[in-house]
Amino acid sequence: MSELAISRVDTDTKVGRAPRRKGTKFLIWLCWAVVFLVLGCAILGELIAPQSPYAQDLVTGVTPPSAEHWLGTDELGRDVFSRVIVGARTAVIGPLLIALGGTLLGVLLGLMAGYVGGWIDTITLRWADLMFALPGHLVAIVVVGVLGGGYAMAIVVLIVLSSPYDTRLMRAATLEQRPRAYVEAARLLGLPGRRIAVQHIWPNLVPLVIASGFLGFAYGLLALSALSFLGLGVGPGTADWGRMLAESLVLLFQNPAGALAPGAMIVITAASVNLIGDWLEEYLSDYPHAVILVSHDRFFLDAVVTRITDIGLRKLTDYVGNYSAYLLERETRMERLRQMKRDQDDELVLTGPLARWLVERAEAEGRVRPR
Amino acid sequence: MGTSQLALFLGRRLIGLVVVLFVISFGIFSLQFAAPGSAEQVLIGTTRPGDPEVIAAIRERYHLDEPFLTQYGLWLRAAFSLDFGVSSRTSESVLTMLGERVSLTAFLGCYAFILVLSIGIPLGMLAGIKKRTPLDRAAVSLSVLGVSAPAFVTGVFLLYLFAVVFGWFPAFGQGEGFLDQLWHLTLPAIALALTGIAPIVKFTRTGMIQALDQDFVVAARARGLSRKRVYFGYGLRNALIPVVTASGLILGVMLTGAALVEVTFALPGLGSLLIQSVNVQDVQVVQGLAMLAATLVLLVNLLTDVLYLFIDPRIRFSRADA
């Protein structure tokens with residue numbers, strides 16, 4: 001009966017969703033373009049930068065944008081444009097590691113908490129609550145600041161701090177999947193819990209995870225650049241957007257581009273990744289052109305299905321009719337099997353002692369070797 | 001829910017708060033051992049000489065010869081009476097240093113908070129009422145931008161636009177007297193508020209859309225209640241529940257934002273003190289600030305829970321039989 005309620009909710013949300021508009025699509029293409037541009041800069045770096053990002057020219061010093069230096073130069077005469085390009089590297093690697101690590105940790109904990117339940121669930125949930133109650137970036141500032149370790153330490157701390165988002169998401173999603181028929185079927189088959197969680201529940205949660213990975217990337221980018229801005233992330237002089245902003249802050253009157261350009265890059269990149277994450281979540285969860293379809297929606301199945309093949313008890317069984325008919329048929333069949341098992345057990349109670357006695361006597365007489 | 005049940009609920013929450021504060025305070029206390037170098041080196045700091053007498057005095061002052069847990073107990077007792085020791089950077093009492101700077105940060109925080117509420121909630125409400133109109137799209141874009149723009153970047157852009165280009169506001173300084181301070185802190189407060197507005201707009205908008213979709217709103221409209229009554233009494237009242245829940249989150253965002261904004265605008269507040277202290281590993285000051293922030297966050301979370309009870313009577317009644 002619980003499944004019925006879930007299906008209702010699903011259909012309701014789909015009806016309420018706005019039709020996708022052309023404008024949105026263009027915006028998403030733009031966001032992807034930004035992401036690939038930043039990725040390209042991160043990979044190629046020095047190769048496409050017009051000048052060396054680290055070459056100093058103390059005689060020139062700070063200059064506003066010119067034909068030679070498109071975004072001007074900083075205090076040490078370094079070319080800001082080249083530094084912005086190379087700065088993409090720390091803006092991609094760190095957040096990528098944070099998104100991957102945080103998602104992995106969060107998914108493992110969330111799946112475990114949701115599937116196993118019990119005290120593991122309680123502890124995980126309390127931990128996530130505690131992490132939520134703490135202002136994450138502030139904890140990162142204190143821990144990275146006092147412990148030292150710069151960029152690498154910042155990444156590790158942010159992985160731990162970002163994982164509760166995924167833990168909660170995964171736990172809730174797992175709990176939603178758990179009572180569904182396919183999980184029950186897998187349990188009936190006697191599959192171990194680990195396998196059910198990884199092979200059966202996990203694939204249904206992938207869209208959520210991918211979308212939250214993008215959001216995790218944006219979180220990582222903002223947190224890391226804030227730490228670098230405060231002088232706690234990358235080392236001094238590194239071409240990093242946050243660091244550049246901090247170093248050019250006092251030069252706002254002489255060369256505003258030195259601070260505004262890296263700042264704009266942070267915002268544009270983070271906004272693009274955030275928008276893609278939101279869009280992806282929606283897109284992956286209702287792709288309209290499905291040929292092979294995985295559905296747990298009873299009403300839908302009832303409407304379209306005419307024949308059902310059930311994999312259970314190490315056997316393929318064919319049922320004719322729609323989903324409701326199948327459920328009924330399967331239940332009677334399972335009941336028959338259960339009855340057979342009960343009959344067998346009853347018989348065993350009667351014949352068991354006799355059989356054992358016979359075996360013992362045979363052994364005693366030395367006619368049969370003990371197994 | 002009767003008064004006794006309310007007291008029970010509050011009592012349970014308070015005990016939870018104390019437990020969490022214990023866990024956090026242990027972490028904060030451990031900072032002096034987790035920092036690179038021995039505890040006495042960390043507590044002496046980099047600016048004071050490492051003479052044997054000084055080391056002996058430090059060991060005496062911070063009870064370093066006692067067992068670890070006794071040290072923690074003594075530290076916690078001192079922390080309870082707001083004594084976090086002496087800054088290793090300036091040799092001033094941590095409490096005095098915090099006291100000197102708390103007013104600026106409090107002023108900035110309140111200013112920004114008022115901006116967040118007075119802009120965020122009406123904007124979210126309007127966007128929710130006028131769903132799928134240009135106004136709604138503008139509000140949503142603003143909230144995406146707000147989520148993606150850290151306070152220091154918005155700060156720099158505001159600084160450039162309004163202080164360098166137009167010259168309407170001062171680029172630095174905190175001002176004397178109330179009005180001057182208000183004028184000086186306007187740009188920092190806007191920068192700080194923008195990060196807090198984004199989640200408020202988002203939550204209010206979703207809450208409003210969901211609330212206006214309910215049958216009781218249709219019924220209210222059918223009965224001919226005025227729009228104002230429907231939007232405020234039926235829509236906003238329900239939409240505010242998730243907003244209140246999120247206020248702990250928003251406080252966290254704004255605390256970090258305050259540190260970033262104070263550094264950006266070179267304001268001598270608690271946030272910039274934290275950054276200065278962290279950069280020279282002035283552990284005592286960091287411990288004091290961290291305890292202050294943790295207590296504040298936990299208290300706001302408690303307040304949220306209580307507010308929640310008053311805003312949503314359904315929770316009061318459903319908890320009553322639990």
# chains A, B, ... in the order shown; residues from 1 in each chain; ligands from 1

$ residues_around --residues "Gly167 of chain B" --least-positions-apart "5" --cutoff "12 Å" --atoms "only C-alpha atoms" --output "compact mmCIF listing (two decimals) with N, CA and C atoms, in the first residue's frame"
# COMPACT_ATOMS: atom_id res chain seq x y z
N PHE A 253 42.63 51.14 -7.24
CA PHE A 253 42.63 52.43 -7.92
C PHE A 253 43.53 52.42 -9.15
N LEU B 158 31.48 45.91 -5.36
CA LEU B 158 30.80 47.07 -4.78
C LEU B 158 31.80 48.19 -4.50
N LEU B 159 32.95 47.78 -3.96
CA LEU B 159 33.99 48.74 -3.62
C LEU B 159 34.42 49.51 -4.87
N TYR B 160 34.61 48.75 -5.95
CA TYR B 160 35.07 49.38 -7.19
C TYR B 160 34.00 50.32 -7.74
N LEU B 161 32.76 49.79 -7.79
CA LEU B 161 31.69 50.56 -8.42
C LEU B 161 31.34 51.80 -7.60
N PHE B 162 31.08 51.64 -6.31
CA PHE B 162 30.52 52.75 -5.53
C PHE B 162 31.56 53.58 -4.80
N PHE B 172 37.25 52.74 2.83
CA PHE B 172 37.63 52.01 4.05
C PHE B 172 37.28 52.86 5.28
N LEU B 187 28.35 49.63 2.35
CA LEU B 187 28.87 48.71 1.33
C LEU B 187 29.19 47.34 1.93

$ interface_residues --of "chain B" --to "chain A" --cutoff "6 Å" --atoms "only C-alpha atoms" --output "PDB file with N, CA and C atoms, in the first residue's frame"
ATOM      1  N   ALA B  35      48.110  21.910  16.630  1.00  0.00           N
ATOM      2  CA  ALA B  35      48.939  22.828  15.859  1.00  0.00           C
ATOM      3  C   ALA B  35      50.366  22.303  15.810  1.00  0.00           C
ATOM      4  N   SER B 148      26.472  31.844  -5.840  1.00  0.00           N
ATOM      5  CA  SER B 148      27.740  31.595  -6.520  1.00  0.00           C
ATOM      6  C   SER B 148      28.775  32.685  -6.278  1.00  0.00           C
ATOM      7  N   ALA B 149      28.360  33.814  -5.700  1.00  0.00           N
ATOM      8  CA  ALA B 149      29.315  34.900  -5.503  1.00  0.00           C
ATOM      9  C   ALA B 149      29.716  34.991  -4.036  1.00  0.00           C
ATOM     10  N   VAL B 153      34.096  38.643  -3.248  1.00  0.00           N
ATOM     11  CA  VAL B 153      34.018  39.092  -4.640  1.00  0.00           C
ATOM     12  C   VAL B 153      32.965  40.191  -4.790  1.00  0.00           C
ATOM     13  N   GLY B 252      25.296  30.718   9.625  1.00  0.00           N
ATOM     14  CA  GLY B 252      26.620  30.174   9.332  1.00  0.00           C
ATOM     15  C   GLY B 252      27.242  30.860   8.134  1.00  0.00           C
ATOM     16  N   THR B 256      30.778  33.406   8.229  1.00  0.00           N
ATOM     17  CA  THR B 256      31.929  33.316   7.347  1.00  0.00           C
ATOM     18  C   THR B 256      32.014  34.559   6.491  1.00  0.00           C
ATOM     19  N   VAL B 278      44.752  33.575  12.972  1.00  0.00           N
ATOM     20  CA  VAL B 278      44.983  32.286  12.339  1.00  0.00           C
ATOM     21  C   VAL B 278      46.286  32.321  11.534  1.00  0.00           C
ATOM     22  N   GLN B 281      49.047  31.970  13.922  1.00  0.00           N
ATOM     23  CA  GLN B 281      48.792  30.877  14.859  1.00  0.00           C
ATOM     24  C   GLN B 281      48.684  31.364  16.298  1.00  0.00           C
TER      25      GLN B 281
END

$ select_by_dssp --residues "segment 72-292 of chain B" --states "helix (DSSP H, G or I)" --output "VMD selection string"
chain B and resid 72 to 80 94 to 129 134 to 148 151 to 165 177 to 184 186 to 212 215 to 222 227 to 245 247 to 264 270 to 279 283 to 292

$ atom_distance --atom1 "atom CA of Tyr283 of chain A" --atom2 "atom CA of Leu161 of chain A"
27.7 Å

$ residues_around --residues "Val102 of chain B" --least-positions-apart "4" --cutoff "10 Å" --atoms "only C-alpha atoms" --output "list in words"
Thr96, Met97, Leu98, Ala106, Phe107, Leu108, Pro268, Gly269, Leu270 and Gly271 of chain B

$ write_last_selection --atoms "C-alpha atoms" --output "short mmCIF file (atom, residue, chain, number, x, y, z; two decimals), in the first residue's frame"
data_model
loop_
_atom_site.label_atom_id
_atom_site.label_comp_id
_atom_site.auth_asym_id
_atom_site.auth_seq_id
_atom_site.Cartn_x
_atom_site.Cartn_y
_atom_site.Cartn_z
CA THR B 96 39.67 42.51 26.06
CA MET B 97 40.59 41.99 22.41
CA LEU B 98 37.20 40.45 21.64
CA ALA B 106 27.60 43.21 15.80
CA PHE B 107 26.70 46.47 14.05
CA LEU B 108 27.68 45.06 10.66
CA PRO B 268 38.82 45.89 12.56
CA GLY B 269 36.09 43.44 13.61
CA LEU B 270 36.03 39.92 15.01
CA GLY B 271 36.28 38.36 11.55
#
